[in-house]
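Source file: my_file-v1.txt (compact mmCIF, N, CA and C atoms)
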# COMPACT_ATOMS: atom_id res chain seq x y z
N MET A 1 -4.06 14.65 1.39
CA MET A 1 -3.44 13.40 1.78
C MET A 1 -2.28 13.10 0.83
N THR A 2 -1.16 12.68 1.40
CA THR A 2 -0.01 12.30 0.60
C THR A 2 0.07 10.78 0.54
N ILE A 3 0.27 10.27 -0.66
CA ILE A 3 0.34 8.83 -0.89
C ILE A 3 1.68 8.51 -1.54
N ALA A 4 2.40 7.55 -0.95
CA ALA A 4 3.66 7.08 -1.52
C ALA A 4 3.37 5.83 -2.35
N LEU A 5 3.95 5.77 -3.53
CA LEU A 5 3.80 4.61 -4.41
C LEU A 5 5.17 4.12 -4.86
N ALA A 6 5.26 2.82 -5.06
CA ALA A 6 6.44 2.21 -5.66
C ALA A 6 6.03 0.88 -6.26
N SER A 7 6.88 0.37 -7.12
CA SER A 7 6.62 -0.90 -7.78
C SER A 7 7.94 -1.59 -8.06
N ASP A 8 7.83 -2.75 -8.64
CA ASP A 8 8.98 -3.37 -9.29
C ASP A 8 8.71 -3.28 -10.79
N HIS A 9 9.51 -3.96 -11.58
CA HIS A 9 9.33 -3.91 -13.04
C HIS A 9 7.98 -4.49 -13.47
N ALA A 10 7.51 -5.53 -12.78
CA ALA A 10 6.25 -6.17 -13.15
C ALA A 10 5.04 -5.28 -12.85
N GLY A 11 5.18 -4.39 -11.89
CA GLY A 11 4.09 -3.49 -11.54
C GLY A 11 4.26 -2.08 -12.06
N PHE A 12 5.30 -1.87 -12.84
CA PHE A 12 5.66 -0.52 -13.29
C PHE A 12 4.53 0.19 -14.04
N ASN A 13 3.94 -0.46 -15.01
CA ASN A 13 2.88 0.19 -15.81
C ASN A 13 1.65 0.52 -14.97
N LEU A 14 1.26 -0.39 -14.09
CA LEU A 14 0.11 -0.11 -13.22
C LEU A 14 0.43 1.02 -12.26
N LYS A 15 1.62 1.05 -11.72
CA LYS A 15 2.02 2.16 -10.83
C LYS A 15 1.94 3.49 -11.57
N LYS A 16 2.48 3.55 -12.79
CA LYS A 16 2.42 4.79 -13.58
C LYS A 16 0.98 5.25 -13.77
N PHE A 17 0.11 4.31 -14.08
CA PHE A 17 -1.31 4.62 -14.26
C PHE A 17 -1.90 5.19 -12.96
N LEU A 18 -1.63 4.54 -11.84
CA LEU A 18 -2.18 4.99 -10.56
C LEU A 18 -1.62 6.34 -10.14
N VAL A 19 -0.36 6.59 -10.37
CA VAL A 19 0.23 7.90 -10.08
C VAL A 19 -0.52 8.99 -10.84
N ARG A 20 -0.76 8.75 -12.11
CA ARG A 20 -1.47 9.73 -12.95
C ARG A 20 -2.89 9.95 -12.43
N LYS A 21 -3.61 8.88 -12.13
CA LYS A 21 -4.99 9.00 -11.65
C LYS A 21 -5.04 9.74 -10.31
N LEU A 22 -4.13 9.40 -9.41
CA LEU A 22 -4.11 10.07 -8.11
C LEU A 22 -3.84 11.56 -8.24
N ARG A 23 -2.89 11.90 -9.07
CA ARG A 23 -2.58 13.33 -9.28
C ARG A 23 -3.76 14.04 -9.91
N ASP A 24 -4.42 13.39 -10.87
CA ASP A 24 -5.60 13.98 -11.50
C ASP A 24 -6.71 14.24 -10.48
N GLU A 25 -6.78 13.42 -9.45
CA GLU A 25 -7.81 13.57 -8.41
C GLU A 25 -7.39 14.53 -7.30
N GLY A 26 -6.19 15.09 -7.42
CA GLY A 26 -5.75 16.10 -6.46
C GLY A 26 -4.94 15.59 -5.28
N TYR A 27 -4.60 14.32 -5.28
CA TYR A 27 -3.76 13.79 -4.21
C TYR A 27 -2.32 14.22 -4.41
N GLU A 28 -1.62 14.42 -3.31
CA GLU A 28 -0.18 14.64 -3.38
C GLU A 28 0.46 13.26 -3.47
N VAL A 29 1.30 13.06 -4.46
CA VAL A 29 1.86 11.74 -4.74
C VAL A 29 3.38 11.78 -4.62
N LEU A 30 3.91 10.81 -3.90
CA LEU A 30 5.34 10.62 -3.81
C LEU A 30 5.66 9.34 -4.58
N ASP A 31 6.13 9.48 -5.80
CA ASP A 31 6.47 8.34 -6.66
C ASP A 31 7.91 7.95 -6.37
N LEU A 32 8.07 6.84 -5.65
CA LEU A 32 9.39 6.41 -5.22
C LEU A 32 10.06 5.45 -6.21
N GLY A 33 9.46 5.30 -7.37
CA GLY A 33 10.11 4.52 -8.42
C GLY A 33 9.61 3.09 -8.50
N PRO A 34 10.24 2.39 -9.39
CA PRO A 34 11.28 2.83 -10.30
C PRO A 34 10.68 3.75 -11.37
N HIS A 35 11.55 4.38 -12.13
CA HIS A 35 11.10 5.33 -13.14
C HIS A 35 11.32 4.81 -14.56
N GLN A 36 11.62 3.52 -14.65
CA GLN A 36 11.68 2.81 -15.93
C GLN A 36 11.35 1.35 -15.64
N ASP A 37 11.04 0.59 -16.68
CA ASP A 37 10.56 -0.78 -16.46
C ASP A 37 11.66 -1.84 -16.52
N LYS A 38 12.88 -1.47 -16.17
CA LYS A 38 13.96 -2.46 -16.11
C LYS A 38 13.86 -3.26 -14.82
N SER A 39 14.39 -4.47 -14.83
CA SER A 39 14.32 -5.37 -13.68
C SER A 39 14.93 -4.73 -12.43
N VAL A 40 14.16 -4.79 -11.33
CA VAL A 40 14.61 -4.29 -10.03
C VAL A 40 14.18 -5.29 -8.96
N ASP A 41 14.72 -5.14 -7.78
CA ASP A 41 14.37 -6.00 -6.65
C ASP A 41 13.27 -5.34 -5.83
N TYR A 42 12.10 -5.99 -5.77
CA TYR A 42 10.94 -5.40 -5.10
C TYR A 42 11.17 -5.04 -3.64
N PRO A 43 11.98 -5.78 -2.85
CA PRO A 43 12.12 -5.39 -1.45
C PRO A 43 12.67 -3.97 -1.26
N GLU A 44 13.53 -3.54 -2.17
CA GLU A 44 14.08 -2.18 -2.08
C GLU A 44 12.98 -1.12 -2.17
N TYR A 45 12.02 -1.37 -3.04
CA TYR A 45 10.94 -0.40 -3.26
C TYR A 45 9.87 -0.51 -2.17
N ALA A 46 9.62 -1.71 -1.69
CA ALA A 46 8.70 -1.87 -0.57
C ALA A 46 9.24 -1.13 0.66
N LYS A 47 10.54 -1.23 0.86
CA LYS A 47 11.18 -0.55 2.00
C LYS A 47 10.97 0.96 1.92
N MET A 48 11.14 1.54 0.75
CA MET A 48 11.00 2.99 0.62
C MET A 48 9.61 3.47 1.02
N VAL A 49 8.59 2.77 0.56
CA VAL A 49 7.22 3.15 0.90
C VAL A 49 6.94 2.87 2.37
N ALA A 50 7.36 1.71 2.85
CA ALA A 50 7.12 1.34 4.25
C ALA A 50 7.77 2.32 5.21
N GLU A 51 8.96 2.79 4.90
CA GLU A 51 9.62 3.77 5.77
C GLU A 51 8.86 5.10 5.78
N GLN A 52 8.35 5.51 4.64
CA GLN A 52 7.58 6.76 4.57
C GLN A 52 6.29 6.65 5.39
N VAL A 53 5.58 5.54 5.22
CA VAL A 53 4.30 5.36 5.92
C VAL A 53 4.53 5.08 7.40
N GLY A 54 5.44 4.18 7.71
CA GLY A 54 5.70 3.82 9.11
C GLY A 54 6.17 4.98 9.96
N SER A 55 6.87 5.92 9.35
CA SER A 55 7.37 7.10 10.08
C SER A 55 6.31 8.19 10.19
N GLY A 56 5.23 8.07 9.42
CA GLY A 56 4.19 9.10 9.43
C GLY A 56 4.45 10.25 8.47
N ARG A 57 5.51 10.15 7.66
CA ARG A 57 5.79 11.23 6.70
C ARG A 57 4.72 11.30 5.62
N VAL A 58 4.09 10.16 5.30
CA VAL A 58 2.94 10.13 4.40
C VAL A 58 1.84 9.32 5.07
N GLU A 59 0.61 9.56 4.63
CA GLU A 59 -0.54 8.90 5.28
C GLU A 59 -0.77 7.48 4.79
N LYS A 60 -0.59 7.26 3.50
CA LYS A 60 -0.92 5.95 2.92
C LYS A 60 0.11 5.58 1.87
N GLY A 61 0.12 4.29 1.53
CA GLY A 61 1.03 3.81 0.50
C GLY A 61 0.36 2.79 -0.40
N VAL A 62 0.88 2.70 -1.62
CA VAL A 62 0.43 1.70 -2.59
C VAL A 62 1.69 1.07 -3.19
N LEU A 63 1.73 -0.24 -3.16
CA LEU A 63 2.83 -1.01 -3.72
C LEU A 63 2.31 -1.92 -4.82
N VAL A 64 3.08 -2.07 -5.88
CA VAL A 64 2.66 -2.94 -6.99
C VAL A 64 3.84 -3.79 -7.44
N CYS A 65 3.66 -5.10 -7.40
CA CYS A 65 4.60 -6.02 -8.02
C CYS A 65 3.77 -6.97 -8.88
N GLY A 66 4.34 -8.04 -9.35
CA GLY A 66 3.59 -8.94 -10.23
C GLY A 66 2.32 -9.46 -9.61
N SER A 67 2.43 -9.98 -8.38
CA SER A 67 1.26 -10.55 -7.70
C SER A 67 0.82 -9.72 -6.50
N GLY A 68 1.69 -8.88 -6.00
CA GLY A 68 1.42 -8.14 -4.77
C GLY A 68 1.94 -8.84 -3.54
N VAL A 69 2.21 -10.13 -3.65
CA VAL A 69 2.62 -10.93 -2.49
C VAL A 69 3.98 -10.48 -1.95
N GLY A 70 4.97 -10.40 -2.80
CA GLY A 70 6.31 -10.04 -2.34
C GLY A 70 6.35 -8.68 -1.68
N MET A 71 5.69 -7.72 -2.30
CA MET A 71 5.66 -6.36 -1.74
C MET A 71 4.99 -6.36 -0.36
N SER A 72 3.89 -7.09 -0.22
CA SER A 72 3.19 -7.09 1.06
C SER A 72 4.05 -7.73 2.15
N ILE A 73 4.73 -8.81 1.83
CA ILE A 73 5.59 -9.46 2.81
C ILE A 73 6.70 -8.51 3.25
N ALA A 74 7.36 -7.89 2.28
CA ALA A 74 8.47 -6.99 2.60
C ALA A 74 8.00 -5.79 3.43
N ALA A 75 6.91 -5.17 3.02
CA ALA A 75 6.43 -3.97 3.72
C ALA A 75 6.05 -4.26 5.16
N ASN A 76 5.49 -5.42 5.42
CA ASN A 76 5.04 -5.74 6.77
C ASN A 76 6.18 -6.03 7.74
N LYS A 77 7.40 -5.96 7.30
CA LYS A 77 8.55 -6.12 8.19
C LYS A 77 8.87 -4.82 8.93
N PHE A 78 8.21 -3.72 8.56
CA PHE A 78 8.54 -2.41 9.11
C PHE A 78 7.53 -1.99 10.17
N SER A 79 8.06 -1.41 11.22
CA SER A 79 7.24 -0.94 12.34
C SER A 79 6.24 0.11 11.86
N GLY A 80 5.02 -0.01 12.35
CA GLY A 80 3.98 0.95 12.02
C GLY A 80 3.27 0.70 10.71
N VAL A 81 3.66 -0.37 10.01
CA VAL A 81 3.06 -0.68 8.72
C VAL A 81 2.06 -1.82 8.86
N ARG A 82 0.91 -1.62 8.25
CA ARG A 82 -0.09 -2.67 8.12
C ARG A 82 -0.46 -2.71 6.64
N CYS A 83 0.26 -3.55 5.93
CA CYS A 83 0.08 -3.66 4.48
C CYS A 83 -0.81 -4.85 4.16
N ALA A 84 -1.85 -4.59 3.40
CA ALA A 84 -2.80 -5.64 3.01
C ALA A 84 -2.64 -5.96 1.53
N LEU A 85 -2.55 -7.23 1.22
CA LEU A 85 -2.58 -7.70 -0.16
C LEU A 85 -4.04 -7.69 -0.59
N VAL A 86 -4.35 -6.89 -1.60
CA VAL A 86 -5.74 -6.64 -1.98
C VAL A 86 -5.95 -6.94 -3.45
N HIS A 87 -7.02 -7.70 -3.74
CA HIS A 87 -7.34 -8.05 -5.12
C HIS A 87 -8.73 -7.59 -5.56
N ASP A 88 -9.48 -6.97 -4.63
CA ASP A 88 -10.79 -6.45 -5.02
C ASP A 88 -11.23 -5.36 -4.04
N THR A 89 -12.34 -4.72 -4.33
CA THR A 89 -12.80 -3.61 -3.52
C THR A 89 -13.29 -4.05 -2.13
N TYR A 90 -13.82 -5.26 -2.03
CA TYR A 90 -14.28 -5.77 -0.74
C TYR A 90 -13.12 -5.86 0.24
N TYR A 91 -12.02 -6.43 -0.20
CA TYR A 91 -10.84 -6.54 0.66
C TYR A 91 -10.22 -5.17 0.94
N ALA A 92 -10.27 -4.27 -0.03
CA ALA A 92 -9.77 -2.91 0.21
C ALA A 92 -10.57 -2.25 1.33
N LYS A 93 -11.87 -2.40 1.28
CA LYS A 93 -12.74 -1.80 2.30
C LYS A 93 -12.49 -2.43 3.67
N LEU A 94 -12.46 -3.76 3.73
CA LEU A 94 -12.23 -4.42 5.01
C LEU A 94 -10.85 -4.14 5.58
N SER A 95 -9.86 -4.01 4.69
CA SER A 95 -8.50 -3.73 5.17
C SER A 95 -8.45 -2.41 5.93
N ARG A 96 -9.29 -1.47 5.54
CA ARG A 96 -9.37 -0.18 6.23
C ARG A 96 -10.29 -0.25 7.45
N LEU A 97 -11.50 -0.77 7.24
CA LEU A 97 -12.48 -0.80 8.33
C LEU A 97 -11.99 -1.58 9.55
N HIS A 98 -11.47 -2.77 9.31
CA HIS A 98 -11.13 -3.68 10.41
C HIS A 98 -9.66 -3.66 10.80
N ASN A 99 -8.78 -3.40 9.84
CA ASN A 99 -7.34 -3.55 10.10
C ASN A 99 -6.57 -2.25 10.07
N ASP A 100 -7.23 -1.15 9.75
CA ASP A 100 -6.58 0.15 9.65
C ASP A 100 -5.32 0.05 8.78
N ALA A 101 -5.42 -0.71 7.68
CA ALA A 101 -4.27 -0.85 6.77
C ALA A 101 -3.85 0.52 6.28
N ASN A 102 -2.54 0.73 6.22
CA ASN A 102 -2.05 2.01 5.74
C ASN A 102 -1.28 1.88 4.42
N ILE A 103 -1.11 0.65 3.96
CA ILE A 103 -0.53 0.37 2.64
C ILE A 103 -1.33 -0.77 2.03
N ILE A 104 -1.54 -0.70 0.72
CA ILE A 104 -2.06 -1.87 0.02
C ILE A 104 -1.05 -2.30 -1.03
N ALA A 105 -1.04 -3.60 -1.25
CA ALA A 105 -0.19 -4.18 -2.29
C ALA A 105 -1.10 -4.77 -3.35
N LEU A 106 -0.80 -4.46 -4.59
CA LEU A 106 -1.59 -4.90 -5.73
C LEU A 106 -0.73 -5.72 -6.68
N GLY A 107 -1.38 -6.60 -7.42
CA GLY A 107 -0.69 -7.40 -8.42
C GLY A 107 -0.82 -6.80 -9.79
N GLY A 108 0.26 -6.28 -10.32
CA GLY A 108 0.25 -5.66 -11.63
C GLY A 108 -0.04 -6.63 -12.77
N ARG A 109 0.21 -7.91 -12.53
CA ARG A 109 -0.05 -8.93 -13.56
C ARG A 109 -1.43 -9.55 -13.45
N VAL A 110 -2.18 -9.18 -12.40
CA VAL A 110 -3.47 -9.84 -12.18
C VAL A 110 -4.65 -8.89 -12.04
N ILE A 111 -4.39 -7.58 -11.99
CA ILE A 111 -5.47 -6.61 -11.82
C ILE A 111 -5.43 -5.60 -12.96
N ALA A 112 -6.54 -5.42 -13.63
CA ALA A 112 -6.65 -4.44 -14.71
C ALA A 112 -6.59 -3.02 -14.15
N GLU A 113 -6.11 -2.09 -14.95
CA GLU A 113 -5.90 -0.72 -14.50
C GLU A 113 -7.13 -0.07 -13.88
N GLU A 114 -8.25 -0.09 -14.58
CA GLU A 114 -9.45 0.59 -14.07
C GLU A 114 -9.96 -0.06 -12.79
N PHE A 115 -9.85 -1.38 -12.70
CA PHE A 115 -10.27 -2.06 -11.47
C PHE A 115 -9.30 -1.73 -10.33
N ALA A 116 -8.02 -1.64 -10.64
CA ALA A 116 -7.03 -1.24 -9.62
C ALA A 116 -7.37 0.16 -9.10
N TRP A 117 -7.79 1.05 -9.99
CA TRP A 117 -8.17 2.39 -9.57
C TRP A 117 -9.37 2.35 -8.63
N GLU A 118 -10.35 1.52 -8.93
CA GLU A 118 -11.50 1.36 -8.02
C GLU A 118 -11.03 0.88 -6.65
N ILE A 119 -10.13 -0.08 -6.64
CA ILE A 119 -9.61 -0.62 -5.38
C ILE A 119 -8.91 0.47 -4.58
N VAL A 120 -8.03 1.22 -5.23
CA VAL A 120 -7.29 2.29 -4.56
C VAL A 120 -8.25 3.35 -4.03
N THR A 121 -9.25 3.71 -4.81
CA THR A 121 -10.23 4.70 -4.38
C THR A 121 -10.95 4.24 -3.11
N VAL A 122 -11.41 3.01 -3.09
CA VAL A 122 -12.09 2.47 -1.90
C VAL A 122 -11.13 2.48 -0.71
N PHE A 123 -9.91 2.06 -0.92
CA PHE A 123 -8.91 2.04 0.14
C PHE A 123 -8.71 3.44 0.73
N LEU A 124 -8.58 4.43 -0.11
CA LEU A 124 -8.30 5.78 0.36
C LEU A 124 -9.52 6.45 0.99
N GLU A 125 -10.70 6.09 0.56
CA GLU A 125 -11.90 6.76 1.04
C GLU A 125 -12.56 6.07 2.25
N THR A 126 -12.12 4.88 2.58
CA THR A 126 -12.73 4.15 3.70
C THR A 126 -12.01 4.46 5.00
N PRO A 127 -12.74 4.94 6.00
CA PRO A 127 -12.09 5.22 7.29
C PRO A 127 -11.96 3.93 8.12
N PHE A 128 -11.07 3.96 9.08
CA PHE A 128 -10.97 2.88 10.07
C PHE A 128 -12.19 2.97 10.97
N SER A 129 -12.82 1.84 11.24
CA SER A 129 -14.05 1.87 12.03
C SER A 129 -13.82 1.98 13.53
N GLY A 130 -12.60 1.71 13.99
CA GLY A 130 -12.31 1.82 15.42
C GLY A 130 -13.06 0.77 16.22
N GLY A 131 -13.61 1.18 17.35
CA GLY A 131 -14.37 0.26 18.19
C GLY A 131 -13.55 -0.95 18.61
N ARG A 132 -14.16 -2.12 18.51
CA ARG A 132 -13.49 -3.36 18.94
C ARG A 132 -12.21 -3.63 18.15
N HIS A 133 -12.11 -3.04 16.95
CA HIS A 133 -10.93 -3.25 16.12
C HIS A 133 -9.72 -2.48 16.63
N SER A 134 -9.95 -1.41 17.37
CA SER A 134 -8.84 -0.62 17.91
C SER A 134 -7.96 -1.44 18.84
N GLY A 135 -8.58 -2.26 19.67
CA GLY A 135 -7.81 -3.10 20.59
C GLY A 135 -6.96 -4.12 19.84
N ARG A 136 -7.46 -4.58 18.73
CA ARG A 136 -6.71 -5.55 17.93
C ARG A 136 -5.50 -4.90 17.27
N ILE A 137 -5.68 -3.69 16.81
CA ILE A 137 -4.55 -2.96 16.21
C ILE A 137 -3.52 -2.65 17.29
N LYS A 138 -3.98 -2.33 18.48
CA LYS A 138 -3.06 -2.10 19.60
C LYS A 138 -2.22 -3.34 19.87
N LYS A 139 -2.83 -4.51 19.82
CA LYS A 139 -2.09 -5.76 20.03
C LYS A 139 -1.02 -5.96 18.96
N ILE A 140 -1.34 -5.62 17.73
CA ILE A 140 -0.35 -5.73 16.65
C ILE A 140 0.83 -4.81 16.94
N ARG A 141 0.55 -3.60 17.39
CA ARG A 141 1.64 -2.66 17.74
C ARG A 141 2.49 -3.22 18.87
N GLU A 142 1.85 -3.89 19.83
CA GLU A 142 2.59 -4.50 20.94
C GLU A 142 3.50 -5.61 20.42
N PHE A 143 3.06 -6.36 19.43
CA PHE A 143 3.93 -7.38 18.82
C PHE A 143 5.19 -6.73 18.26
N GLU A 144 5.01 -5.58 17.61
CA GLU A 144 6.17 -4.87 17.06
C GLU A 144 7.13 -4.46 18.17
N ASP A 145 6.58 -3.99 19.29
CA ASP A 145 7.42 -3.57 20.42
C ASP A 145 8.18 -4.76 21.00
N GLU A 146 7.52 -5.93 21.07
CA GLU A 146 8.18 -7.14 21.60
C GLU A 146 9.31 -7.58 20.69
N LYS A 147 9.14 -7.38 19.40
CA LYS A 147 10.14 -7.80 18.41
C LYS A 147 11.46 -7.08 18.65
N GLY A 148 11.33 -5.80 19.09
CA GLY A 148 12.50 -4.99 19.43
C GLY A 148 13.47 -4.92 18.38
Would you kindly transcribe this structure into structure tokens?
Amino acid sequence: MTIALASDHAGFNLKKFLVRKLRDEGYEVLDLGPHQDKSVDYPEYAKMVAEQVGSGRVEKGVLVCGSGVGMSIAANKFSGVRCALVHDTYYAKLSRLHNDANIIALGGRVIAEEFAWEIVTVFLETPFSGGRHSGRIKKIREFEDEKG
């Protein structure tokens, strides 16, 4: 599985940590930056991950900014993206089971590294449950088509 990651300056250290952990676990990682902790605009980095995931070039994405809010808002503007703002493992699991989320957004200023790793692990290992939730995801896709 290939995972695209990006952050802003506030999420830079947590992103670096997650990139290292993912590579250590054998995941293919696309680190879309930034590659230093200087101030950057989070929408630019959310766009890079959202385009990779929405196009199907990568299976999943992880975004990190200070709170995760800005990244999640920006990423959800892209077709094919279902980005969930996640602060614990319960939400990571539900975002996959019920919403088939393909990107998670984390808060680099509010989540400790090891706990963030637990969240990412749950997100990546939890399958979409399908069933009644499939119809709901289909409706979301239809909203994207209506937006044109």
Within 5 Å of Gly68 of chain A using only N, CA and C atoms, minus same-chain residues under 3 positions, as an MDAnalysis selection string: chainID A and resid 65 71:72 105:107
Quick one: pick out all strand (DSSP E) residues within segment 102-143 of chain A from a backbone DSSP run and write them as number ranges by chain. A: 103-107
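Coordinates place atom CA of Pro127 of chain A at a distance of 9.9 Å from atom CA of Leu94 of chain A.
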From the list A:Glu113, A:Glu51, A:Glu125, A:Glu118, the nearest residue to Arg96 of chain A using only C-alpha atoms is A:Glu125
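The shortest atom-to-atom distance to Ser39 of chain A, with all atoms listed in the file taken into account, belongs to A:Asp8 out of A:Val53, A:Glu25, A:Ser67, A:Asp8.
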In Å to one decimal, how far is atom C of Val64 of chain A from atom CA of Asp31 of chain A? 12.4 Å
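Of the listed residues A:Ala116, A:Ile3, A:Leu14, A:Ala50, the one whose atoms come nearest to Pro34 of chain A is A:Leu14, with distances taken using only C-alpha atoms.
If only N, CA and C atoms are the atoms counted, then among A:Ala92, A:Cys83, A:Val110, A:Met48 the closest residue to Leu124 of chain A is A:Ala92.
We find atom N of Ile119 of chain A and atom CA of His87 of chain A to be spaced 8.6 Å apart.
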What lies within 6.5 Å of Ala74 of chain A using all atoms listed in the file, ignoring chain neighbours under 3 positions off, as a PDB file with N, CA and C atoms, in the frame of the given file?
ATOM      1  N   PRO A  43      11.980  -5.780  -2.850  1.00  0.00           N
ATOM      2  CA  PRO A  43      12.120  -5.390  -1.450  1.00  0.00           C
ATOM      3  C   PRO A  43      12.670  -3.970  -1.260  1.00  0.00           C
ATOM      4  N   ALA A  46       9.620  -1.710  -1.690  1.00  0.00           N
ATOM      5  CA  ALA A  46       8.700  -1.870  -0.570  1.00  0.00           C
ATOM      6  C   ALA A  46       9.240  -1.130   0.660  1.00  0.00           C
ATOM      7  N   LYS A  47      10.540  -1.230   0.860  1.00  0.00           N
ATOM      8  CA  LYS A  47      11.180  -0.550   2.000  1.00  0.00           C
ATOM      9  C   LYS A  47      10.970   0.960   1.920  1.00  0.00           C
ATOM     10  N   VAL A  69       2.210 -10.130  -3.650  1.00  0.00           N
ATOM     11  CA  VAL A  69       2.620 -10.930  -2.490  1.00  0.00           C
ATOM     12  C   VAL A  69       3.980 -10.480  -1.950  1.00  0.00           C
ATOM     13  N   GLY A  70       4.970 -10.400  -2.800  1.00  0.00           N
ATOM     14  CA  GLY A  70       6.310 -10.040  -2.340  1.00  0.00           C
ATOM     15  C   GLY A  70       6.350  -8.680  -1.680  1.00  0.00           C
ATOM     16  N   MET A  71       5.690  -7.720  -2.300  1.00  0.00           N
ATOM     17  CA  MET A  71       5.660  -6.360  -1.740  1.00  0.00           C
ATOM     18  C   MET A  71       4.990  -6.360  -0.360  1.00  0.00           C
ATOM     19  N   LYS A  77       7.400  -5.960   7.300  1.00  0.00           N
ATOM     20  CA  LYS A  77       8.550  -6.120   8.190  1.00  0.00           C
ATOM     21  C   LYS A  77       8.870  -4.820   8.930  1.00  0.00           C
ATOM     22  N   PHE A  78       8.210  -3.720   8.560  1.00  0.00           N
ATOM     23  CA  PHE A  78       8.540  -2.410   9.110  1.00  0.00           C
ATOM     24  C   PHE A  78       7.530  -1.990  10.170  1.00  0.00           C
TER      25      PHE A  78
END
From a backbone DSSP assignment, name each residue in segment 14-147 of chain A labelled alpha helix (DSSP H), as a count of residues only. 69
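With all atoms listed in the file as the atoms that count, the residue of A:Gln36, A:Thr2, A:Ser95, A:Ser79 with the shortest distance to Arg57 of chain A is A:Thr2.
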Within 6 Å of Val62 of chain A, counting only N, CA and C atoms, which residues show up once you throw out same-chain ones fewer than 6 positions away? Write them as a PyMOL selection string, please. chain A and resi 3-6+103-105
Test item: residues at most 9 Å from Asp100 of chain A, only C-alpha atoms, excluding those fewer than 6 positions along its chain, as a count of residues only: 9
Could you tell me which of A:Tyr45, A:Trp117, A:Phe17, A:Phe123 comes closest to Tyr90 of chain A if we count only C-alpha atoms? A:Phe123
Would you list the contacts of Arg141 of chain A as a PDB file with N, CA and C atoms, in the coordinates of the input, taking every protein, DNA or RNA residue within 7 Å and counting all atoms listed in the file, but skipping same-chain residues closer than 5 positions in sequence?
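Ended up saving to result16.pdb:
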ATOM      1  N   GLY A  80       5.020  -0.010  12.350  1.00  0.00           N
ATOM      2  CA  GLY A  80       3.980   0.950  12.020  1.00  0.00           C
ATOM      3  C   GLY A  80       3.270   0.700  10.710  1.00  0.00           C
ATOM      4  N   ARG A 136      -7.460  -4.580  18.730  1.00  0.00           N
ATOM      5  CA  ARG A 136      -6.710  -5.550  17.930  1.00  0.00           C
ATOM      6  C   ARG A 136      -5.500  -4.900  17.270  1.00  0.00           C
ATOM      7  N   GLU A 146       7.520  -5.930  21.070  1.00  0.00           N
ATOM      8  CA  GLU A 146       8.180  -7.140  21.600  1.00  0.00           C
ATOM      9  C   GLU A 146       9.310  -7.580  20.690  1.00  0.00           C
TER      10      GLU A 146
END
